[in-house]
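Source file: upload-v2.txt. Holds: compact mmCIF, C-alpha atoms.
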# COMPACT_ATOMS: atom_id res chain seq x y z
CA MET C 1342 151.30 140.06 104.74
CA LYS C 1343 148.83 139.96 107.63
CA ILE C 1344 151.25 141.86 109.79
CA PHE C 1345 151.59 144.57 107.14
CA SER C 1346 147.81 144.81 106.80
CA PHE C 1347 147.48 145.17 110.55
CA CYS C 1348 150.17 147.84 110.65
CA PHE C 1349 148.47 149.77 107.84
CA VAL C 1350 145.09 149.68 109.60
CA PHE C 1351 146.73 150.71 112.88
CA LEU C 1352 148.54 153.65 111.26
CA PHE C 1353 145.37 154.71 109.45
CA VAL C 1354 143.36 154.73 112.67
CA VAL C 1355 146.08 156.59 114.56
CA SER C 1356 146.52 159.20 111.82
CA CYS C 1357 142.78 159.84 111.64
CA ALA C 1358 142.38 160.25 115.38
CA ASN C 1359 142.56 163.94 116.16
CA ASN C 1360 142.93 164.79 119.80
CA ASP C 1361 144.12 168.36 119.26
CA ALA C 1362 142.42 170.90 121.47
CA GLN C 1363 140.08 172.79 119.18
CA GLU C 1364 139.88 176.52 119.72
CA VAL C 1365 136.23 177.36 120.00
CA ALA C 1366 135.40 180.78 118.62
CA ASN C 1367 133.78 183.18 121.05
CA THR C 1368 130.13 183.53 120.26
CA ASN C 1369 129.77 187.29 120.32
CA ILE C 1370 126.74 188.99 118.90
CA ILE C 1371 127.54 191.09 115.86
CA GLN C 1372 125.94 194.33 116.85
CA ILE C 1373 125.56 198.04 116.34
CA GLN C 1374 125.36 199.89 119.61
CA ASP C 1375 124.62 203.53 120.37
CA ILE C 1376 127.25 204.78 122.77
CA GLY C 1377 128.38 208.19 123.97
CA SER C 1378 131.96 207.99 125.13
CA LEU C 1379 134.39 210.86 125.13
CA ALA C 1380 138.01 209.74 124.94
CA THR C 1381 140.32 212.47 126.16
CA THR C 1382 143.58 210.62 126.72
CA GLU C 1383 145.60 208.28 124.55
CA TYR C 1384 148.51 206.33 125.98
CA THR C 1385 150.88 204.35 123.79
CA PHE C 1386 152.41 201.45 125.69
CA SER C 1387 155.18 199.17 124.49
CA LYS C 1388 156.18 195.76 125.76
CA ILE C 1389 158.63 193.02 124.91
CA VAL C 1390 156.82 189.71 124.62
CA GLN C 1391 159.23 186.84 125.14
CA LEU C 1392 158.53 183.13 125.04
CA ASN C 1393 161.02 180.34 125.68
CA ASP C 1394 159.46 177.05 124.63
CA ASP C 1395 162.28 174.90 126.03
CA LYS C 1396 160.88 173.65 129.30
CA ASP C 1397 160.21 170.04 128.16
CA TRP C 1398 163.19 167.75 128.63
CA TYR C 1399 162.17 165.38 125.85
CA LYS C 1400 162.27 168.04 123.15
CA ILE C 1401 165.64 168.23 121.45
CA GLY C 1402 166.70 171.82 120.81
CA ASN C 1403 165.49 175.30 121.69
CA ARG C 1404 162.60 177.36 120.48
CA LYS C 1405 162.49 181.01 121.46
CA ILE C 1406 160.71 184.07 120.15
CA LEU C 1407 160.78 187.76 120.95
CA PHE C 1408 158.16 190.29 119.84
CA SER C 1409 157.95 194.02 120.43
CA VAL C 1410 154.34 195.17 120.71
CA LYS C 1411 152.85 198.66 120.88
CA ALA C 1412 149.32 199.17 122.15
CA LYS C 1413 147.24 202.35 122.06
CA VAL C 1414 144.83 202.75 124.94
CA LYS C 1415 142.15 205.43 125.06
CA ALA C 1416 140.48 206.57 128.25
CA GLY C 1417 137.76 209.04 129.07
CA ILE C 1418 134.17 209.05 130.26
CA ASP C 1419 130.90 207.49 129.20
CA PHE C 1420 128.36 210.29 128.70
CA ASN C 1421 125.52 207.76 128.72
CA LYS C 1422 126.08 207.57 132.48
CA VAL C 1423 125.35 211.30 132.82
CA GLN C 1424 121.68 211.83 133.67
CA PRO C 1425 119.81 215.12 132.97
CA GLU C 1426 119.66 215.79 136.73
CA ASP C 1427 123.48 215.63 136.89
CA VAL C 1428 123.73 218.97 135.09
CA THR C 1429 122.46 221.86 137.22
CA ILE C 1430 122.58 225.57 136.52
CA ASP C 1431 123.02 227.86 139.54
CA GLY C 1432 122.04 231.38 138.67
CA LYS C 1433 122.93 232.68 135.21
CA LYS C 1434 126.67 232.13 134.94
CA SER C 1435 127.35 229.08 137.04
CA ILE C 1436 127.00 225.40 136.16
CA HIS C 1437 127.57 222.24 138.14
CA ILE C 1438 128.04 218.83 136.50
CA LYS C 1439 128.41 215.38 137.99
CA LEU C 1440 130.53 213.04 135.87
CA PRO C 1441 131.08 209.31 136.10
CA GLU C 1442 134.54 207.88 136.85
CA ALA C 1443 137.04 207.83 133.97
CA GLU C 1444 137.38 204.44 132.31
CA ILE C 1445 139.32 202.63 129.60
CA LEU C 1446 137.34 203.05 126.38
CA ALA C 1447 139.47 201.45 123.70
CA PHE C 1448 142.42 199.12 123.34
CA GLU C 1449 144.18 198.92 120.00
CA ILE C 1450 147.09 196.94 118.63
CA ASN C 1451 147.77 197.96 115.06
CA PRO C 1452 149.08 194.98 113.00
CA ASP C 1453 152.09 197.11 112.00
CA ASP C 1454 152.93 197.75 115.65
CA VAL C 1455 153.77 194.08 116.20
CA GLN C 1456 157.35 193.20 115.22
CA THR C 1457 159.03 189.83 115.50
CA GLU C 1458 162.45 190.88 116.76
CA MET C 1459 164.06 187.45 117.00
CA GLU C 1460 163.26 183.78 116.48
CA ASP C 1461 165.66 181.07 117.57
CA ILE C 1462 164.92 177.51 116.52
CA SER C 1463 167.51 174.78 116.99
CA GLY C 1464 167.76 170.99 117.06
CA LEU C 1465 164.70 169.04 116.02
CA ARG C 1466 162.21 171.81 116.79
CA PHE C 1467 159.64 173.23 114.39
CA GLU C 1468 159.32 176.84 113.31
CA PHE C 1469 156.59 178.88 115.03
CA SER C 1470 153.43 178.77 112.95
CA GLN C 1471 151.20 181.84 112.55
CA GLN C 1472 148.66 180.14 114.83
CA GLU C 1473 151.28 179.80 117.57
CA LYS C 1474 152.47 183.37 117.07
CA LEU C 1475 148.90 184.61 117.47
CA LYS C 1476 148.56 182.56 120.64
CA ILE C 1477 151.72 184.18 122.04
CA LEU C 1478 150.48 187.65 121.04
CA LYS C 1479 147.19 186.97 122.84
CA LEU C 1480 149.22 186.28 126.00
CA GLY C 1481 151.14 189.52 125.36
CA GLU C 1482 147.86 191.43 124.96
CA LYS C 1483 146.56 189.99 128.23
CA SER C 1484 149.77 190.96 129.99
CA ILE C 1485 149.59 194.57 128.69
CA LYS C 1486 145.95 194.82 129.83
CA GLU C 1487 146.91 193.60 133.30
CA ASP C 1488 149.87 195.99 133.63
CA MET C 1489 148.28 199.15 132.19
CA GLY C 1490 146.07 199.51 135.27
CA LYS C 1491 149.23 200.44 137.20
CA SER C 1492 149.75 203.54 135.05
CA ALA C 1493 148.09 206.90 135.74
CA ILE C 1494 145.96 206.77 132.60
CA LEU C 1495 142.63 207.12 134.43
CA GLN C 1496 143.78 210.07 136.53
CA VAL C 1497 145.11 211.83 133.41
CA ALA C 1498 141.86 211.06 131.55
CA LYS C 1499 139.83 212.55 134.41
CA LYS C 1500 141.95 215.73 134.36
CA ASN C 1501 141.71 216.06 130.55
CA THR C 1502 137.94 215.47 130.58
CA HIS C 1503 137.46 218.18 133.18
CA ALA C 1504 139.61 220.58 131.13
CA PHE C 1505 137.60 219.81 127.98
CA LEU C 1506 134.26 220.45 129.70
CA VAL C 1507 135.45 223.64 131.37
CA ASP C 1508 136.45 224.92 127.91
CA PHE C 1509 133.12 223.83 126.46
CA TYR C 1510 131.01 225.56 129.13
CA THR C 1511 133.21 228.66 129.13
CA ASN C 1512 132.50 228.99 125.40
CA LEU C 1513 128.81 228.75 126.24
CA GLY C 1514 129.19 231.82 128.47
CA TYR C 1515 129.48 230.26 131.94
CA GLU C 1516 131.93 231.93 134.31
CA SER C 1517 131.96 229.23 136.94
CA VAL C 1518 132.09 225.52 136.07
CA THR C 1519 132.22 222.98 138.88
CA ILE C 1520 132.77 219.35 138.06
CA GLU C 1521 132.22 216.56 140.53
CA THR C 1522 132.93 212.87 140.07
CA LYS C 1523 130.07 210.53 140.88
CA SER C 1524 131.19 207.58 142.91
CA ALA C 1525 130.51 204.29 141.16
CA LYS C 1526 127.43 202.48 142.43
CA LEU C 1527 128.03 198.91 143.56
CA MET L 472 150.80 119.26 114.52
CA LYS L 473 148.37 121.00 116.87
CA VAL L 474 151.23 122.11 119.16
CA LYS L 475 153.11 123.50 116.16
CA ASN L 476 149.99 125.38 115.06
CA LYS L 477 149.49 126.78 118.56
CA LEU L 478 153.11 127.86 118.70
CA TYR L 479 152.73 129.61 115.35
CA TRP L 480 149.74 131.64 116.61
CA LEU L 481 151.45 132.49 119.87
CA LYS L 482 154.51 133.76 118.00
CA LEU L 483 152.28 135.77 115.66
CA VAL L 484 150.42 137.39 118.57
CA ALA L 485 153.71 138.16 120.30
CA LYS L 486 155.13 139.71 117.10
CA LEU L 487 152.00 141.77 116.57
CA ALA L 488 152.10 142.96 120.18
CA ILE L 489 155.74 144.02 119.84
CA ILE L 490 155.09 145.79 116.53
CA SER L 491 152.00 147.52 117.94
CA ALA L 492 153.94 148.65 121.00
CA LEU L 493 156.76 149.97 118.81
CA ILE L 494 154.39 151.85 116.51
CA GLY L 495 152.47 153.18 119.50
CA PHE L 496 155.70 154.37 121.10
CA ILE L 497 156.80 156.12 117.90
CA VAL L 498 153.40 157.77 117.37
CA VAL L 499 153.09 158.92 121.00
CA GLY L 500 156.71 160.14 121.00
CA PHE L 501 156.19 162.04 117.75
CA LYS L 502 152.94 163.62 118.96
CA LYS L 503 154.54 164.63 122.24
CA CYS L 504 157.53 166.19 120.50
CA THR L 505 155.31 168.30 118.26
CA SER L 506 152.62 169.11 120.77
CA SER L 507 153.62 172.66 121.71
CA GLU L 508 150.18 174.04 120.80
CA GLU L 509 148.41 171.97 123.39
CA LYS L 510 150.35 173.14 126.39
CA GLU L 511 150.02 176.29 128.42
CA TRP L 512 152.77 178.79 127.75
CA THR L 513 154.02 181.37 130.21
CA LEU L 514 155.68 184.55 129.02
CA GLU L 515 158.92 185.84 130.49
CA ASN L 516 158.32 188.97 132.53
CA HIS L 517 159.15 192.31 130.90
CA PRO L 518 158.04 195.75 132.11
CA LEU L 519 155.39 197.83 130.35
CA LYS L 520 156.81 201.06 128.98
CA ILE L 521 154.88 204.28 128.31
CA GLU L 522 155.91 205.53 124.86
CA SER L 523 153.70 208.60 124.66
CA ILE L 524 150.72 210.39 126.22
CA LYS L 525 148.39 212.35 123.96
CA LYS L 526 145.50 214.66 124.73
CA ILE L 527 142.61 213.82 122.43
CA ALA L 528 138.87 214.53 122.22
CA GLN L 529 137.08 211.78 120.35
CA LEU L 530 133.37 211.41 120.86
CA SER L 531 132.34 207.90 119.84
CA LEU L 532 128.61 207.57 119.27
CA ILE L 533 128.26 204.29 117.42
CA ASN L 534 130.07 201.07 118.19
CA PHE L 535 129.97 198.43 115.46
CA LYS L 536 131.24 194.90 116.05
CA ASP L 537 131.88 192.75 113.02
CA GLU L 538 133.34 189.37 112.12
CA VAL L 539 135.03 188.79 108.77
CA VAL L 540 136.93 186.01 107.05
CA VAL L 541 140.11 186.87 105.16
CA ASP L 542 142.04 184.46 103.06
CA SER L 543 145.33 184.26 101.19
CA ILE L 544 146.06 181.48 98.67
CA VAL L 545 149.22 180.78 96.67
CA TYR L 546 148.82 178.40 93.69
CA TYR L 547 151.56 176.41 91.98
CA LYS L 548 152.66 178.18 88.81
CA ASN L 549 152.65 175.07 86.59
CA VAL L 550 152.08 171.30 86.66
CA ASN L 551 155.79 170.47 87.18
CA GLU L 552 155.93 172.71 90.22
CA GLN L 553 152.71 171.13 91.49
CA VAL L 554 154.11 167.58 91.21
CA VAL L 555 157.43 168.46 92.88
CA GLY L 556 155.63 170.50 95.55
CA ASN L 557 153.19 167.73 96.41
CA VAL L 558 155.97 165.13 96.59
CA SER L 559 157.94 167.33 98.98
CA LYS L 560 154.81 167.81 101.14
CA ILE L 561 154.64 164.06 101.81
CA ILE L 562 157.59 164.28 104.21
CA ASP L 563 156.06 167.26 106.02
CA PRO L 564 153.82 165.93 108.81
CA SER L 565 151.56 168.99 108.75
CA SER L 566 150.77 168.88 105.04
CA TRP L 567 151.07 165.30 103.80
CA GLY L 568 147.28 165.10 103.61
CA TYR L 569 147.26 167.85 100.97
CA ALA L 570 149.98 166.00 99.03
CA LEU L 571 147.76 162.91 98.77
CA ARG L 572 145.03 165.03 97.19
CA GLY L 573 147.50 166.44 94.65
CA SER L 574 146.15 169.92 95.30
CA ALA L 575 147.02 172.86 93.02
CA ILE L 576 147.24 175.05 96.13
CA GLU L 577 150.80 175.56 97.32
CA LYS L 578 149.81 177.25 100.56
CA ARG L 579 146.82 178.87 102.20
CA LEU L 580 146.17 181.04 105.25
CA THR L 581 142.63 181.81 106.43
CA LEU L 582 141.85 184.03 109.40
CA ILE L 583 138.58 184.73 111.18
CA VAL L 584 138.76 188.26 112.52
CA ASN L 585 136.49 189.93 115.06
CA GLY L 586 136.89 193.68 114.89
CA GLU L 587 135.38 196.74 116.46
CA LEU L 588 134.70 200.09 114.83
CA ASN L 589 133.89 203.40 116.52
CA TYR L 590 132.05 206.11 114.64
CA GLY L 591 131.67 209.67 115.83
CA PHE L 592 133.26 213.10 116.00
CA ASP L 593 136.81 214.32 116.44
CA LEU L 594 136.31 217.33 118.70
CA LYS L 595 140.02 218.10 118.82
CA SER L 596 139.96 219.39 115.25
CA ASP L 597 139.91 223.13 114.56
CA GLU L 598 136.45 222.72 113.06
CA PHE L 599 134.83 222.27 116.50
CA LYS L 600 133.53 225.63 117.73
CA VAL L 601 130.90 226.58 120.30
CA ASN L 602 129.38 230.08 120.45
CA VAL L 603 126.33 231.58 122.09
CA ILE L 604 124.30 234.24 120.34
CA ASN L 605 121.31 235.39 122.39
CA ASP L 606 119.73 232.18 123.72
CA THR L 607 121.05 229.93 120.99
CA ALA L 608 124.14 227.76 121.14
CA HIS L 609 125.80 227.48 117.74
CA VAL L 610 127.98 224.42 117.39
CA VAL L 611 130.17 223.89 114.33
CA VAL L 612 131.72 220.48 113.95
CA HIS L 613 133.35 218.37 111.28
CA ALA L 614 131.11 215.66 109.80
CA PRO L 615 131.12 212.33 111.68
CA LYS L 616 133.67 209.75 110.60
CA ILE L 617 135.27 206.44 111.51
CA LEU L 618 137.36 207.20 114.59
CA SER L 619 138.96 203.79 114.91
CA CYS L 620 138.72 200.30 113.53
CA VAL L 621 140.43 197.84 115.79
CA VAL L 622 141.59 194.31 115.20
CA ILE L 623 143.50 192.78 118.09
CA PRO L 624 145.19 189.38 118.56
CA SER L 625 142.47 188.14 120.96
CA GLY L 626 139.88 188.75 118.26
CA THR L 627 141.84 186.91 115.58
CA SER L 628 141.95 183.18 115.05
CA VAL L 629 143.62 181.04 112.41
CA PHE L 630 141.04 178.86 110.69
CA LEU L 631 143.46 177.25 108.25
CA GLU L 632 147.23 177.40 107.95
CA HIS L 633 148.75 175.29 105.24
CA GLY L 634 152.37 175.90 104.25
CA ASP L 635 154.92 178.36 105.62
CA TRP L 636 153.77 181.93 106.06
CA LYS L 637 155.72 185.05 106.94
CA ASP L 638 154.45 187.57 109.52
CA THR L 639 153.89 190.10 106.74
CA ALA L 640 151.20 187.83 105.26
CA ARG L 641 149.34 187.69 108.60
CA LYS L 642 149.57 191.48 109.01
CA LYS L 643 148.39 191.99 105.42
CA LEU L 644 145.34 189.82 106.14
CA GLN L 645 144.59 191.70 109.37
CA LYS L 646 144.73 195.00 107.45
CA LYS L 647 142.47 193.49 104.80
CA ALA L 648 140.03 192.61 107.60
CA ILE L 649 140.09 196.23 108.84
CA LEU L 650 139.26 197.46 105.32
CA LYS L 651 136.41 194.93 105.08
CA ILE L 652 134.92 196.05 108.42
CA GLU L 653 135.22 199.71 107.40
CA LYS L 654 133.47 198.91 104.11
CA HIS L 655 130.64 197.18 106.00
CA ALA L 656 130.31 200.19 108.29
CA GLN L 657 130.23 202.64 105.38
CA ALA L 658 127.43 200.60 103.81
CA MET L 659 125.43 201.04 107.03
CA GLN L 660 125.40 204.84 106.58
CA PHE L 661 125.93 205.81 110.18
CA ASP L 662 126.07 209.57 109.46
CA GLU L 663 122.47 210.49 110.25
CA ARG L 664 122.35 208.25 113.30
CA ALA L 665 125.57 209.80 114.65
CA LYS L 666 124.33 213.34 114.04
CA LYS L 667 121.05 212.63 115.85
CA GLN L 668 122.94 211.12 118.78
CA PHE L 669 125.32 214.09 118.89
CA GLU L 670 122.49 216.60 119.05
CA GLN L 671 120.73 214.66 121.82
CA LEU L 672 123.94 214.52 123.82
CA LEU L 673 124.65 218.24 123.37
CA GLN L 674 121.11 219.09 124.41
CA LYS L 675 121.63 217.04 127.58
CA LEU L 676 124.87 218.93 128.34
CA ILE L 677 123.60 222.44 127.64
CA THR L 678 120.21 221.75 129.32
CA ASN L 679 117.10 223.58 128.17
CA LYS L 680 118.68 226.96 128.81
CA HIS L 681 119.85 227.27 125.20
CA HIS L 682 118.42 226.39 121.85
CA LEU L 683 120.80 224.37 119.74
CA ILE L 684 121.93 224.79 116.14
CA VAL L 685 124.55 222.40 114.85
CA THR L 686 126.41 222.94 111.58
CA TYR L 687 128.30 219.99 110.09
CA LYS L 688 131.28 220.83 107.90
CA GLU L 689 131.89 218.27 105.18

Could you render the structure from this file as structure tokens?
Amino acid sequence: MKIFSFCFVFLFVVSCANNDAQEVANTNIIQIQDIGSLATTEYTFSKIVQLNDDKDWYKIGNRKILFSVKAKVKAGIDFNKVQPEDVTIDGKKSIHIKLPEAEILAFEINPDDVQTEMEDISGLRFEFSQQEKLKILKLGEKSIKEDMGKSAILQVAKKNTHAFLVDFYTNLGYESVTIETKSAKL
Amino acid sequence: MKVKNKLYWLKLVAKLAIISALIGFIVVGFKKCTSSEEKEWTLENHPLKIESIKKIAQLSLINFKDEVVVDSIVYYKNVNEQVVGNVSKIIDPSSWGYALRGSAIEKRLTLIVNGELNYGFDLKSDEFKVNVINDTAHVVVHAPKILSCVVIPSGTSVFLEHGDWKDTARKKLQKKAILKIEKHAQAMQFDERAKKQFEQLLQKLITNKHHLIVTYKE
């Protein structure tokens, strides 16, 4: 009887002990911010996100998952970085404007653009929970953000922004529009 | 008699030690086998593909960050289902605690979602026109609107997951979060603020050479 009591207490203590790593929510400030960004280019990227959770020898069976993810990335310029002295009028029909470097302005992954293509669970392994799937998708998101810098999105955004502003100033009656890119201050 | 008593206690301690070690081994083994969440995962390498490139002209003037909680609950339909369901939960290591409480909830999924909304003008639309008459620049533009409301995996966390859930349920909750954030933004009435910002920005771009008249088409 004593042994059973001991076992019960032991099991109770073990089951109540929770050593799981708790995910601490980021403490962002909920805010409304005045911005002034002009997005001129939208790239849609796609990536296969694959995870093989079969590296541990003591786990019996396989656990694999494959997602296809599409991300929309918008790039353009931040008009808040344009100062009044950056816009100069030479004569009556000529204007010169200094613009900041093009930058990534938005990164979107629509919930419908995430598809689970395949899940393979065998042996004594558990199904992927939604929490685990989100964790894998976060890794996928990070990987897309790292790789997208290798594309020409910023160059295309710069070109499109220049074209937009030339149109804008031409409609205002300017015959000559010169656009210069300000080098980023360190 | 004393020796017999001593022997009895020694045997008891030995038995307890063996049982404790066995239970410890089972518990540690079980935890290790189901501990995939605690380890660092590495994704297999796949290339990033460009699906499309679009020319746009979206002027975002207000950025609104919000955090919302979205929840989905499925209840047992009747008492019989509740009893059977709770009994079957006892053998499931992730939900036996709910079985002990005899809960009427079959399953529940709660997400905390951090989203971002951009409000401003779509200058690509046909409504955007710029003309100069004498010294006045006339700008016609469509009324400001929500340009994007974004919820991404890194801004989403699972607060509670009880029971088995399909991906569609998670996506449905994420879309519900987007609607909630949009509703919060609409309640803020960003229109006037966006219009004021737009006019200040235009004035900066056209300098003092022109007067400015902006017409907003509803």

Q.
What's around segment 611-613 of chain L at 6 Å? Count only C-alpha atoms, leave out sequence neighbours fewer than 3 positions away in its own chain, and write the answer as JSON, numbers by chain.
A. {"L": [598, 599, 600, 685, 686, 687, 688]}

Those selected residues, please, written with C-alpha atoms and delivered as a short mmCIF file (atom, residue, chain, number, x, y, z; two decimals), keeping the file's coordinate frame.
data_model
loop_
_atom_site.label_atom_id
_atom_site.label_comp_id
_atom_site.auth_asym_id
_atom_site.auth_seq_id
_atom_site.Cartn_x
_atom_site.Cartn_y
_atom_site.Cartn_z
CA GLU L 598 136.45 222.72 113.06
CA PHE L 599 134.83 222.27 116.50
CA LYS L 600 133.53 225.63 117.73
CA VAL L 685 124.55 222.40 114.85
CA THR L 686 126.41 222.94 111.58
CA TYR L 687 128.30 219.99 110.09
CA LYS L 688 131.28 220.83 107.90
#

Listing only residues of segment 591-675 of chain L within 12 Å of segment 1424-1433 of chain C, what is the closest atom pair and its distance in Å (to one decimal) for each, using only C-alpha atoms, sorted by chain and residue number ascending, as JSON lines?
{"residue": "L:Asp606", "atom": "CA", "partner": "C:Lys1433", "partner_atom": "CA", "distance": 11.9}
{"residue": "L:Gln671", "atom": "CA", "partner": "C:Pro1425", "partner_atom": "CA", "distance": 11.2}
{"residue": "L:Leu672", "atom": "CA", "partner": "C:Pro1425", "partner_atom": "CA", "distance": 10.1}
{"residue": "L:Leu673", "atom": "CA", "partner": "C:Pro1425", "partner_atom": "CA", "distance": 11.2}
{"residue": "L:Gln674", "atom": "CA", "partner": "C:Pro1425", "partner_atom": "CA", "distance": 9.5}
{"residue": "L:Lys675", "atom": "CA", "partner": "C:Pro1425", "partner_atom": "CA", "distance": 6.0}

Name the residues in contact with Leu683 of chain L at a cut-off of 7 Å, using all atoms listed in the file, excluding same-chain residues fewer than 3 positions from it; report them as a JSON list (two decimals) with C-alpha atoms, in the frame of the given file.
[["chain", "number", "residue", "atom", "x", "y", "z"],
["L", 607, "THR", "CA", 121.05, 229.93, 120.99],
["L", 608, "ALA", "CA", 124.14, 227.76, 121.14],
["L", 609, "HIS", "CA", 125.80, 227.48, 117.74]]

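Proximity ranking of C:Ser1435, C:Asn1393, C:Ser1484, C:Thr1381 relative to Ile1462 of chain C places C:Asn1393 first, based on only C-alpha atoms.
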
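Shortest atom-to-atom contact with chain C among L:Lys647, L:Arg572, L:Leu530, L:Leu483: L:Leu530, counting all atoms listed in the file.
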
Q. Hey, what's within 12 Å of Leu650 of chain L if we count all atoms listed in the file and toss same-chain stuff fewer than 6 positions away? As a PyMOL selection string, please?
A. chain L and resi 537+539-541+584+586-588+617+619-622+643-644+656-657

Q) In Å, how far is it from atom CA of Asp542 of chain L to atom CA of Lys578 of chain L? A) 10.9 Å

Q.
My list of candidates is L:Trp480, L:Tyr569, L:Trp512, L:Phe496. Which is closest to chain C when distances are computed with all atoms listed in the file?
A. L:Trp512

Q) What would the list of residues within 12 Å of (135.1, 220.4, 130.2) (file frame) look like as a ChimeraX atom specification, if only C-alpha atoms are what count? A) /C:1379,1381,1417-1418,1436-1440,1498-1513,1515,1517-1521 /L:528,594,676-677

Supply segment 660-666 of chain L as a tab-separated table (two decimals), keeping the file's coordinate frame, with all heavy atoms built in where the input has gaps.
chain	number	residue	atom	x	y	z
L	660	GLN	N	125.74	203.41	106.57
L	660	GLN	CA	125.40	204.84	106.58
L	660	GLN	C	125.05	205.33	107.98
L	660	GLN	O	123.90	205.62	108.31
L	660	GLN	CB	124.26	205.12	105.59
L	660	GLN	CG	124.69	204.81	104.17
L	660	GLN	CD	123.63	205.08	103.15
L	660	GLN	OE1	122.45	204.86	103.42
L	660	GLN	NE2	124.01	205.52	101.98
L	661	PHE	N	126.10	205.41	108.78
L	661	PHE	CA	125.93	205.81	110.18
L	661	PHE	C	125.78	207.32	110.38
L	661	PHE	O	125.49	207.76	111.49
L	661	PHE	CB	127.12	205.33	111.01
L	661	PHE	CG	127.15	203.83	111.24
L	661	PHE	CD1	128.34	203.12	111.18
L	661	PHE	CD2	125.99	203.15	111.54
L	661	PHE	CE1	128.37	201.76	111.41
L	661	PHE	CE2	126.01	201.77	111.78
L	661	PHE	CZ	127.20	201.08	111.70
L	662	ASP	N	126.03	208.11	109.31
L	662	ASP	CA	126.07	209.57	109.46
L	662	ASP	C	124.87	210.17	110.18
L	662	ASP	O	125.03	210.89	111.18
L	662	ASP	CB	126.20	210.23	108.07
L	662	ASP	CG	127.65	210.35	107.67
L	662	ASP	OD1	128.45	209.52	108.15
L	662	ASP	OD2	127.98	211.26	106.89
L	663	GLU	N	123.67	209.88	109.68
L	663	GLU	CA	122.47	210.49	110.25
L	663	GLU	C	122.26	210.07	111.70
L	663	GLU	O	121.90	210.87	112.56
L	663	GLU	CB	121.24	210.13	109.41
L	663	GLU	CG	121.18	210.86	108.07
L	663	GLU	CD	121.43	212.37	108.19
L	663	GLU	OE1	120.76	213.01	109.01
L	663	GLU	OE2	122.32	212.90	107.46
L	664	ARG	N	122.51	208.78	111.95
L	664	ARG	CA	122.35	208.25	113.30
L	664	ARG	C	123.32	208.93	114.28
L	664	ARG	O	122.94	209.31	115.40
L	664	ARG	CB	122.65	206.74	113.24
L	664	ARG	CG	122.28	205.97	114.46
L	664	ARG	CD	122.32	204.50	114.14
L	664	ARG	NE	122.25	203.72	115.35
L	664	ARG	CZ	121.98	202.43	115.36
L	664	ARG	NH1	121.76	201.79	114.25
L	664	ARG	NH2	121.93	201.77	116.49
L	665	ALA	N	124.57	209.15	113.81
L	665	ALA	CA	125.57	209.80	114.65
L	665	ALA	C	125.20	211.25	114.91
L	665	ALA	O	125.35	211.75	116.04
L	665	ALA	CB	126.94	209.70	114.00
L	666	LYS	N	124.71	211.93	113.88
L	666	LYS	CA	124.33	213.34	114.04
L	666	LYS	C	123.18	213.49	115.06
L	666	LYS	O	123.20	214.37	115.92
L	666	LYS	CB	123.91	213.94	112.68
L	666	LYS	CG	125.08	214.22	111.76
L	666	LYS	CD	124.60	214.70	110.40
L	666	LYS	CE	125.76	214.91	109.45
L	666	LYS	NZ	125.32	215.22	108.09
